[in-house]
Amino acid sequence: MSAVESILWDDWHVVAELARLRRDGRIATTLLGQALILQLDSSEGGIEVLRKRSTADGYESVGASAERYGFLWVCLGTPRRPIVEFAECAEPERLTASAGSVRVAVSGLRAVENFLDLSHLAFVHEGYLGEQPHTEIQAYAVEPLADGGIIATGCRVYQPKASPVAAAGFDVDYIYAVLRPYVVVLYKANPVEPQRKDMIALLVQPVTEETCIAHMLTCYLPHDAEPGAIRRFQQFIFGQDRPILENQLPKRLPLSPRAEISVRADKSSAAYRRYLATAGVRYGAIAET
Amino acid sequence: MITLYDYELSGNCYKVRLLLHLLQVGFARREIDFHPGREHQSPWFLALNPLGQLPVLDDDGWILRDAQAILVYLAGRYDPTQRWCPREDAAGLATLVSWLSFADGLTATAGLARLHDTLFYAADIEQCRRGAHRALRVLDEHLWFAEQEGRQWICSREAPTIADIACFPTVMLSEEGGISRLPYPAIRRWTDRVRRLEGFVTMPGIF
Amino acid sequence: MDRWFPVARSEEVRPGHVFQTSLLGQEIAVWRGRSGAVNAWENRCPHRGVRLSIGEQIENELRCRYHGWRFASGSGQCTHIPSHPTQKPGAALCATAYSSTERYGYVWASLQPRDDVPSLPPEGSVAVAVTPPVEGAITTLRSVYVAASLEAVAERLLLGRVARLDAYTLVTEAYDTAGVDDAAVANIDSVYWLLQPLEPCATVIHGLVGKLIPAAQRLAGLRAYNARLIGVRDAVELAR
């Protein structure tokens, strides 16, 4: 079995929600095919991360781990760069919370791509993030990011219920950014203060090439939004995406533009696949032939 | 006034919501933070239902737990046609109850497999899936021969009963626990019929 | 394999229902157009690979559950892309349609294009004296799904008084009453056992009785044969 490419191996990935780890004390999970044990060190309150040895029995310590945004992040190799930065989460008036973690039987790259997708909103999330007959997707812009990744701007969708506090339907402006192969964030106009943005990030843990855990991070402007309601709404929406993701074949994301057909509305998904191909991402993907 | 203690992604809660909509009975939802908050295991909820399970029904202060029992109650109290849970014939009622127990068995197998696969619940997943397939085989054979006899539903000829409502959600969500319905064509046709019922509502994972 | 396989009993492919099945690991979505003509498509939308079997039939089209793309019965041509509703989808955009037909009470599909029809006994099969089934004088049994390889299933079926006509077709010789108490299934002329390879470890046994079982005995006959096939299934799965 070949080694996992450095862009993933030497980067940070979420492996658990801290609240869950603090409650359970110990979590067994898998990252990039590696079996991990996450253990609360009861004496010092720290967290120990152990990886199953590949060639012998037992576990060895994984050096690089850190707690950020309510999650435990781990790097199996040597971190090439810091953990992604979400500046909004530092803004004091915002509600920053995890919306839970859900396992999905599909490549995490498919989960990221679904998060970017606009044309499914009127179908999969009908009555909430989209509605017929407002299915037409107007042209939007996609640019590469300096640090790698892509950003899509000028996305606009009519949404009957864009968030738990949306009282009426309106045209919502979106910005999407893929910050890492398995990390994507969206910014959408807040219903009460439309010139400012709510943030939702999907921090995808690649468990194996064909399974992942979607950890959801929300960072909302308060405006009567109750944290429980935000979490429930996010789980509701993701719960609608999950059966679609699990019914995608093949489970890994094909990177060749000929494998699956893109139309103009798929500009960000096509750009995401090109980014992955150029960056040499293979884990969870089917490389171009 | 009916209040339902409820979690959006629970199949057992959804089956009660579904029957309430099919009966066109209004209700309030009290949403419980099942995941990740585990609110169903908090002291205040355990005072309501010591089993720490959802759903729980509050009808003007009268509390009832257990999804299947709630279906029986709602059908008895709020169905003017009395077709959802026919009670005149002892044999018919007993048969219906046997399918409510069957639905409980589905929760313990397919439902638990789904909780394991999606929300990290501890379970012997292979045993859950084996148990689910055994149950689905029984249901598929039952429904196939029912079709041959001109019956469209689990228990009756003309109309669905709470037996169909009790079994439907866990069956429809089975693939979220790694249980494919490809080997069960009669079940797949039956789920189509349930979804076409007037007043049918969905939940995430069911469309 | 380049041949016809039965994939569903015709009466189980109902209008408005998309029948999910598989051949040699390739998933197939089977559904009926408004005219009654049957479609057997690769169970995968060409857009983002979502199974068409979770989609829904709207009039004479199948609509994908993900982005609402629509595909026409017959050609599989994409007719509508909701994200660009005023544009006509390119001619190359279509669902992959396999050859399909109906005969002997079954929908048949072939992964390679064919312009002939399936025949029983199969062409080129071992010369065994069997009565070819006659359309309209047939009873199709409940198809039984077995979690085992086709060869394991065939081996078990061959323990009875069954002859193998080719790799996928077996036949019960006349008057096979071994282990069958029910008079309804005794004295049957012949039963074809048609094996559908779903996947390497999953097989469907389709049973085709070369006689129209009289109405009064039909249900009992179906139940008796079903019990027999369940016995085969359980024995094969236990032996794995």
# chains A, B, ... in the order shown; residues from 1 in each chain; ligands from 1

call {"tool": "closest_atom_pairs", "arguments": {"of": "chain A", "to": "chain B", "cutoff": "6 Å", "atoms": "only C-alpha atoms", "output": "Markdown table"}}
result
| residue | atom | partner | partner_atom | distance |
| --- | --- | --- | --- | --- |
| A:Gly100 | CA | B:Pro36 | CA | 5.8 |
| A:Val102 | CA | B:Thr118 | CA | 5.4 |
| A:Arg103 | CA | B:Thr118 | CA | 4.7 |
| A:Gly239 | CA | B:Pro204 | CA | 4.8 |
| A:Gln240 | CA | B:Pro204 | CA | 4.3 |
| A:Pro243 | CA | B:Gly205 | CA | 5.6 |

call {"tool": "residues_around", "arguments": {"residues": "Ile47 in chain A", "least_positions_apart": "3", "cutoff": "12 Å", "atoms": "only C-alpha atoms", "output": "PyMOL selection string"}}
result
chain A and resi 16+18+21-22+25-27+37-44+50+61-67+71-74

call {"tool": "interface_residues", "arguments": {"of": "chain A", "to": "chain C", "cutoff": "6 Å", "atoms": "only C-alpha atoms", "output": "mmCIF file with all heavy atoms, in the first residue's frame"}}
result
data_model
loop_
_atom_site.group_PDB
_atom_site.id
_atom_site.type_symbol
_atom_site.label_atom_id
_atom_site.label_comp_id
_atom_site.auth_asym_id
_atom_site.auth_seq_id
_atom_site.Cartn_x
_atom_site.Cartn_y
_atom_site.Cartn_z
ATOM 1 N N SER A 119 -26.858 23.788 -7.089
ATOM 2 C CA SER A 119 -28.052 23.384 -7.836
ATOM 3 C C SER A 119 -28.867 22.275 -7.172
ATOM 4 O O SER A 119 -29.946 21.961 -7.633
ATOM 5 C CB SER A 119 -27.709 23.034 -9.290
ATOM 6 O OG SER A 119 -26.442 22.484 -9.407
ATOM 7 N N HIS A 120 -28.358 21.732 -6.055
ATOM 8 C CA HIS A 120 -29.164 20.718 -5.370
ATOM 9 C C HIS A 120 -30.061 21.340 -4.300
ATOM 10 O O HIS A 120 -30.964 20.673 -3.784
ATOM 11 C CB HIS A 120 -28.283 19.637 -4.729
ATOM 12 C CG HIS A 120 -27.624 20.030 -3.434
ATOM 13 N ND1 HIS A 120 -26.576 20.904 -3.352
ATOM 14 C CD2 HIS A 120 -27.892 19.658 -2.156
ATOM 15 C CE1 HIS A 120 -26.211 21.040 -2.084
ATOM 16 N NE2 HIS A 120 -26.998 20.299 -1.334
ATOM 17 N N THR A 135 -34.919 27.381 -9.569
ATOM 18 C CA THR A 135 -33.828 26.420 -9.711
ATOM 19 C C THR A 135 -32.665 26.942 -10.549
ATOM 20 O O THR A 135 -31.579 26.363 -10.516
ATOM 21 C CB THR A 135 -34.346 25.122 -10.376
ATOM 22 O OG1 THR A 135 -34.846 25.444 -11.680
ATOM 23 C CG2 THR A 135 -35.442 24.473 -9.552
ATOM 24 N N GLU A 136 -32.912 28.024 -11.277
ATOM 25 C CA GLU A 136 -31.846 28.509 -12.167
ATOM 26 C C GLU A 136 -30.688 29.072 -11.352
ATOM 27 O O GLU A 136 -30.903 29.824 -10.401
ATOM 28 C CB GLU A 136 -32.381 29.584 -13.108
ATOM 29 C CG GLU A 136 -31.330 30.030 -14.124
ATOM 30 C CD GLU A 136 -31.931 30.803 -15.284
ATOM 31 O OE1 GLU A 136 -33.128 31.167 -15.206
ATOM 32 O OE2 GLU A 136 -31.209 31.041 -16.264
ATOM 33 N N ILE A 137 -29.477 28.691 -11.702
ATOM 34 C CA ILE A 137 -28.284 29.191 -11.018
ATOM 35 C C ILE A 137 -27.599 30.199 -11.938
ATOM 36 O O ILE A 137 -27.179 29.855 -13.050
ATOM 37 C CB ILE A 137 -27.305 28.046 -10.677
ATOM 38 C CG1 ILE A 137 -28.001 26.974 -9.817
ATOM 39 C CG2 ILE A 137 -26.061 28.583 -9.970
ATOM 40 C CD1 ILE A 137 -28.496 27.444 -8.463
ATOM 41 N N ASN A 247 -25.524 7.544 -1.782
ATOM 42 C CA ASN A 247 -26.020 6.924 -3.010
ATOM 43 C C ASN A 247 -25.233 7.369 -4.237
ATOM 44 O O ASN A 247 -25.704 7.224 -5.362
ATOM 45 C CB ASN A 247 -27.509 7.230 -3.202
ATOM 46 C CG ASN A 247 -28.396 6.220 -2.487
ATOM 47 O OD1 ASN A 247 -28.451 5.060 -2.860
ATOM 48 N ND2 ASN A 247 -29.066 6.669 -1.448
ATOM 49 N N GLN A 248 -24.029 7.919 -3.998
ATOM 50 C CA GLN A 248 -23.187 8.304 -5.126
ATOM 51 C C GLN A 248 -22.239 7.163 -5.484
ATOM 52 O O GLN A 248 -21.642 6.539 -4.613
ATOM 53 C CB GLN A 248 -22.364 9.561 -4.793
ATOM 54 C CG GLN A 248 -23.170 10.842 -4.977
ATOM 55 C CD GLN A 248 -22.331 12.075 -4.769
ATOM 56 O OE1 GLN A 248 -21.923 12.381 -3.650
ATOM 57 N NE2 GLN A 248 -22.075 12.803 -5.835
ATOM 58 N N LEU A 249 -22.125 6.908 -6.774
ATOM 59 C CA LEU A 249 -21.225 5.869 -7.264
ATOM 60 C C LEU A 249 -20.319 6.470 -8.334
ATOM 61 O O LEU A 249 -20.821 7.151 -9.230
ATOM 62 C CB LEU A 249 -22.031 4.717 -7.885
ATOM 63 C CG LEU A 249 -23.041 4.022 -6.960
ATOM 64 C CD1 LEU A 249 -23.994 3.149 -7.773
ATOM 65 C CD2 LEU A 249 -22.298 3.181 -5.934
ATOM 66 N N GLU A 260 -17.495 12.487 -15.038
ATOM 67 C CA GLU A 260 -18.842 12.963 -14.709
ATOM 68 C C GLU A 260 -19.031 14.304 -15.393
ATOM 69 O O GLU A 260 -18.100 15.078 -15.542
ATOM 70 C CB GLU A 260 -19.000 13.074 -13.183
ATOM 71 C CG GLU A 260 -18.962 11.700 -12.505
ATOM 72 C CD GLU A 260 -19.114 11.732 -10.988
ATOM 73 O OE1 GLU A 260 -19.098 12.828 -10.389
ATOM 74 O OE2 GLU A 260 -19.245 10.639 -10.394
ATOM 75 N N ILE A 261 -20.247 14.563 -15.835
ATOM 76 C CA ILE A 261 -20.513 15.741 -16.655
ATOM 77 C C ILE A 261 -20.764 16.960 -15.791
ATOM 78 O O ILE A 261 -21.562 16.914 -14.865
ATOM 79 C CB ILE A 261 -21.725 15.464 -17.556
ATOM 80 C CG1 ILE A 261 -21.365 14.357 -18.536
ATOM 81 C CG2 ILE A 261 -22.149 16.721 -18.295
ATOM 82 C CD1 ILE A 261 -22.537 13.658 -19.145
#

call {"tool": "closest_residue", "arguments": {"among": "C:Thr169, C:Gln217, C:Ser100, C:Thr203", "to": "chain B", "atoms": "only C-alpha atoms"}}
result
C:Thr203

call {"tool": "residues_around", "arguments": {"residues": "range 19-23 of chain C", "least_positions_apart": "2", "cutoff": "7 Å", "atoms": "only C-alpha atoms", "output": "list of chain:residue names"}}
result
B:Leu182, C:Val7, C:Val13, C:His17, C:Gly25, C:Gln26, C:Glu27, C:Ile28, C:Ala29, C:Val30, C:Trp31, C:Ser53, C:Pro197, C:Leu198, C:Glu199

call {"tool": "write_last_selection", "arguments": {"atoms": "N, CA and C atoms", "output": "compact mmCIF listing (two decimals), in the first residue's frame"}}
result
# COMPACT_ATOMS: atom_id res chain seq x y z
N LEU B 182 -31.95 -3.72 -1.79
CA LEU B 182 -31.97 -4.31 -3.13
C LEU B 182 -32.58 -5.71 -3.13
N VAL C 7 -34.01 -9.99 -14.90
CA VAL C 7 -33.69 -9.11 -13.78
C VAL C 7 -34.87 -8.81 -12.86
N VAL C 13 -42.34 -4.78 -12.12
CA VAL C 13 -41.87 -3.49 -12.60
C VAL C 13 -43.11 -2.69 -12.94
N HIS C 17 -42.69 2.98 -10.37
CA HIS C 17 -41.72 2.40 -9.45
C HIS C 17 -40.42 2.16 -10.18
N GLY C 25 -22.28 -7.14 -10.69
CA GLY C 25 -21.70 -5.99 -10.00
C GLY C 25 -22.10 -4.65 -10.58
N GLN C 26 -22.79 -4.64 -11.71
CA GLN C 26 -23.24 -3.39 -12.30
C GLN C 26 -24.68 -3.13 -11.88
N GLU C 27 -24.90 -2.06 -11.16
CA GLU C 27 -26.26 -1.77 -10.72
C GLU C 27 -27.10 -1.26 -11.87
N ILE C 28 -28.37 -1.67 -11.84
CA ILE C 28 -29.28 -1.32 -12.93
C ILE C 28 -30.58 -0.78 -12.35
N ALA C 29 -31.11 0.26 -12.96
CA ALA C 29 -32.42 0.81 -12.59
C ALA C 29 -33.40 0.42 -13.69
N VAL C 30 -34.44 -0.30 -13.32
CA VAL C 30 -35.42 -0.78 -14.30
C VAL C 30 -36.74 -0.06 -14.07
N TRP C 31 -37.29 0.51 -15.12
CA TRP C 31 -38.57 1.22 -14.94
C TRP C 31 -39.34 1.21 -16.25
N SER C 53 -32.14 4.91 -9.15
CA SER C 53 -33.23 4.16 -8.51
C SER C 53 -33.82 4.89 -7.31
N PRO C 197 -26.87 -13.36 -11.72
CA PRO C 197 -25.73 -13.01 -10.88
C PRO C 197 -25.76 -11.53 -10.53
N LEU C 198 -26.17 -11.21 -9.31
CA LEU C 198 -26.20 -9.81 -8.89
C LEU C 198 -24.77 -9.30 -8.74
N GLU C 199 -24.03 -10.01 -7.91
CA GLU C 199 -22.66 -9.67 -7.56
C GLU C 199 -21.94 -10.98 -7.36

call {"tool": "interface_residues", "arguments": {"of": "chain B", "to": "chain C", "cutoff": "8 Å", "atoms": "only C-alpha atoms", "output": "tab-separated table (two decimals) with N, CA, C and O atoms, in the first residue's frame"}}
result
chain	number	residue	atom	x	y	z
B	144	TRP	N	-44.92	-9.73	-0.23
B	144	TRP	CA	-45.03	-10.31	-1.57
B	144	TRP	C	-46.30	-11.15	-1.68
B	144	TRP	O	-47.06	-11.01	-2.64
B	148	GLN	N	-49.97	-10.81	-3.77
B	148	GLN	CA	-50.59	-11.88	-4.56
B	148	GLN	C	-52.06	-12.05	-4.18
B	148	GLN	O	-52.86	-12.51	-4.98
B	182	LEU	N	-31.95	-3.72	-1.79
B	182	LEU	CA	-31.97	-4.31	-3.13
B	182	LEU	C	-32.58	-5.71	-3.13
B	182	LEU	O	-33.32	-6.06	-4.05
B	183	PRO	N	-32.34	-6.55	-2.10
B	183	PRO	CA	-32.93	-7.90	-2.13
B	183	PRO	C	-34.41	-7.95	-1.75
B	183	PRO	O	-34.96	-9.05	-1.63
B	185	PRO	N	-37.68	-6.55	-3.08
B	185	PRO	CA	-38.52	-5.79	-4.02
B	185	PRO	C	-39.93	-5.52	-3.52
B	185	PRO	O	-40.48	-4.46	-3.80
B	189	ARG	N	-41.69	-1.75	-3.08
B	189	ARG	CA	-42.97	-1.30	-3.63
B	189	ARG	C	-43.89	-0.80	-2.51
B	189	ARG	O	-44.61	0.19	-2.67
B	192	ASP	N	-43.05	2.71	-1.51
B	192	ASP	CA	-43.63	3.64	-2.48
B	192	ASP	C	-45.07	3.95	-2.10
B	192	ASP	O	-45.52	5.11	-2.17

call {"tool": "select_by_dssp", "arguments": {"residues": "range 52-197 of chain A", "states": "helix (DSSP H, G or I)", "output": "list in words"}}
result
Ala87, Glu88, Cys89, Ala90, Gly108, Leu109, Arg110, Ala111, Val112, Glu113, Asn114, Phe115, Leu116, Leu121, Ala122, Phe123 and Val124 of chain A

call {"tool": "write_last_selection", "arguments": {"atoms": "N, CA and C atoms", "output": "compact mmCIF listing (two decimals), in the first residue's frame"}}
result
# COMPACT_ATOMS: atom_id res chain seq x y z
N ALA A 87 -11.20 33.52 11.17
CA ALA A 87 -11.12 34.77 11.92
C ALA A 87 -12.45 35.12 12.60
N GLU A 88 -13.55 34.76 11.94
CA GLU A 88 -14.87 35.10 12.48
C GLU A 88 -15.08 34.52 13.87
N CYS A 89 -14.52 33.34 14.12
CA CYS A 89 -14.78 32.68 15.40
C CYS A 89 -14.21 33.46 16.57
N ALA A 90 -13.29 34.40 16.28
CA ALA A 90 -12.72 35.21 17.35
C ALA A 90 -13.59 36.42 17.68
N GLY A 108 -14.72 11.61 1.72
CA GLY A 108 -14.88 12.96 2.24
C GLY A 108 -14.81 14.02 1.14
N LEU A 109 -14.15 13.71 0.04
CA LEU A 109 -14.07 14.68 -1.05
C LEU A 109 -15.46 14.90 -1.67
N ARG A 110 -16.26 13.85 -1.72
CA ARG A 110 -17.65 13.99 -2.20
C ARG A 110 -18.43 14.88 -1.24
N ALA A 111 -18.18 14.72 0.08
CA ALA A 111 -18.90 15.53 1.06
C ALA A 111 -18.54 17.01 0.90
N VAL A 112 -17.26 17.29 0.66
CA VAL A 112 -16.84 18.68 0.44
C VAL A 112 -17.51 19.23 -0.81
N GLU A 113 -17.50 18.46 -1.87
CA GLU A 113 -18.07 18.93 -3.14
C GLU A 113 -19.57 19.20 -3.00
N ASN A 114 -20.27 18.36 -2.26
CA ASN A 114 -21.70 18.57 -2.03
C ASN A 114 -21.95 19.89 -1.30
N PHE A 115 -21.05 20.22 -0.37
CA PHE A 115 -21.18 21.44 0.41
C PHE A 115 -21.09 22.66 -0.51
N LEU A 116 -20.30 22.55 -1.58
CA LEU A 116 -20.11 23.65 -2.52
C LEU A 116 -21.28 23.80 -3.49
N LEU A 121 -29.83 22.62 -3.98
CA LEU A 121 -30.52 23.23 -2.84
C LEU A 121 -32.05 23.22 -3.02
N ALA A 122 -32.52 23.45 -4.22
CA ALA A 122 -33.96 23.50 -4.46
C ALA A 122 -34.59 22.12 -4.47
N PHE A 123 -33.78 21.07 -4.52
CA PHE A 123 -34.32 19.71 -4.57
C PHE A 123 -34.10 18.99 -3.25
N VAL A 124 -32.87 18.86 -2.84
CA VAL A 124 -32.57 18.10 -1.62
C VAL A 124 -33.05 18.86 -0.38

call {"tool": "residues_around", "arguments": {"residues": "Ile154 in chain B", "least_positions_apart": "2", "cutoff": "8 Å", "atoms": "only C-alpha atoms", "output": "count of residues only"}}
result
10

call {"tool": "select_by_dssp", "arguments": {"residues": "range 41-200 of chain B", "states": "strand (DSSP E or B)", "output": "PyMOL selection string"}}
result
chain B and resi 56-59+62-65

call {"tool": "write_last_selection", "arguments": {"atoms": "C-alpha atoms", "output": "compact mmCIF listing (two decimals), in the first residue's frame"}}
result
# COMPACT_ATOMS: atom_id res chain seq x y z
CA VAL B 56 -42.69 10.91 24.61
CA LEU B 57 -46.24 12.21 24.15
CA ASP B 58 -47.90 14.74 26.41
CA ASP B 59 -51.65 15.03 25.75
CA TRP B 62 -51.12 12.93 30.31
CA ILE B 63 -47.72 11.38 29.55
CA LEU B 64 -47.13 8.34 27.35
CA ARG B 65 -43.80 6.85 26.29

call {"tool": "atom_distance", "arguments": {"atom1": "CA of Arg83 in chain B", "atom2": "CA of Ala159 in chain B"}}
result
7.2 Å

call {"tool": "residues_around", "arguments": {"residues": "Arg103 in chain C", "least_positions_apart": "2", "cutoff": "8 Å", "atoms": "only C-alpha atoms", "output": "MDAnalysis selection string"}}
result
chainID C and resid 101 105:108 117:118 135

call {"tool": "write_last_selection", "arguments": {"atoms": "C-alpha atoms", "output": "mmCIF file, in the first residue's frame"}}
result
data_model
loop_
_atom_site.group_PDB
_atom_site.id
_atom_site.type_symbol
_atom_site.label_atom_id
_atom_site.label_comp_id
_atom_site.auth_asym_id
_atom_site.auth_seq_id
_atom_site.Cartn_x
_atom_site.Cartn_y
_atom_site.Cartn_z
ATOM 1 C CA THR C 101 -36.871 -6.703 -23.315
ATOM 2 C CA GLY C 105 -43.010 -13.071 -17.706
ATOM 3 C CA TYR C 106 -39.638 -11.465 -16.997
ATOM 4 C CA VAL C 107 -37.828 -8.277 -17.800
ATOM 5 C CA TRP C 108 -34.457 -9.226 -19.262
ATOM 6 C CA VAL C 117 -34.548 -12.067 -27.846
ATOM 7 C CA PRO C 118 -33.887 -14.350 -24.903
ATOM 8 C CA GLU C 135 -45.968 -17.339 -23.406
#

call {"tool": "residues_around", "arguments": {"residues": "Ala135 in chain B", "least_positions_apart": "6", "cutoff": "9 Å", "atoms": "only C-alpha atoms", "output": "list in words"}}
result
Phe102, Gly105, Leu106 and Thr109 of chain B

call {"tool": "residues_around", "arguments": {"residues": "Asp79 in chain B", "least_positions_apart": "3", "cutoff": "10 Å", "atoms": "only C-alpha atoms", "output": "ChimeraX atom specification"}}
result
/B:20,22-25,73-76,82-85

call {"tool": "write_last_selection", "arguments": {"atoms": "C-alpha atoms", "output": "tab-separated table (two decimals), in the first residue's frame"}}
result
chain	number	residue	atom	x	y	z
B	20	LEU	CA	-50.16	12.91	13.46
B	22	LEU	CA	-51.88	11.58	8.38
B	23	LEU	CA	-54.59	12.01	11.04
B	24	GLN	CA	-54.43	15.79	10.55
B	25	VAL	CA	-53.99	16.34	14.26
B	73	TYR	CA	-53.21	5.85	21.48
B	74	LEU	CA	-53.40	8.37	18.65
B	75	ALA	CA	-55.24	5.94	16.39
B	76	GLY	CA	-57.69	5.08	19.15
B	82	GLN	CA	-61.05	3.74	13.27
B	83	ARG	CA	-59.16	2.18	10.36
B	84	TRP	CA	-55.65	2.94	11.53
B	85	CYS	CA	-55.99	0.54	14.46

call {"tool": "atom_distance", "arguments": {"atom1": "CA of Gly36 in chain C", "atom2": "CA of His80 in chain C"}}
result
22.1 Å

call {"tool": "closest_residue", "arguments": {"among": "C:Val130, C:Ala152, C:Ala215, C:Ile205", "to": "Val171 in chain C", "atoms": "only C-alpha atoms"}}
result
C:Val130
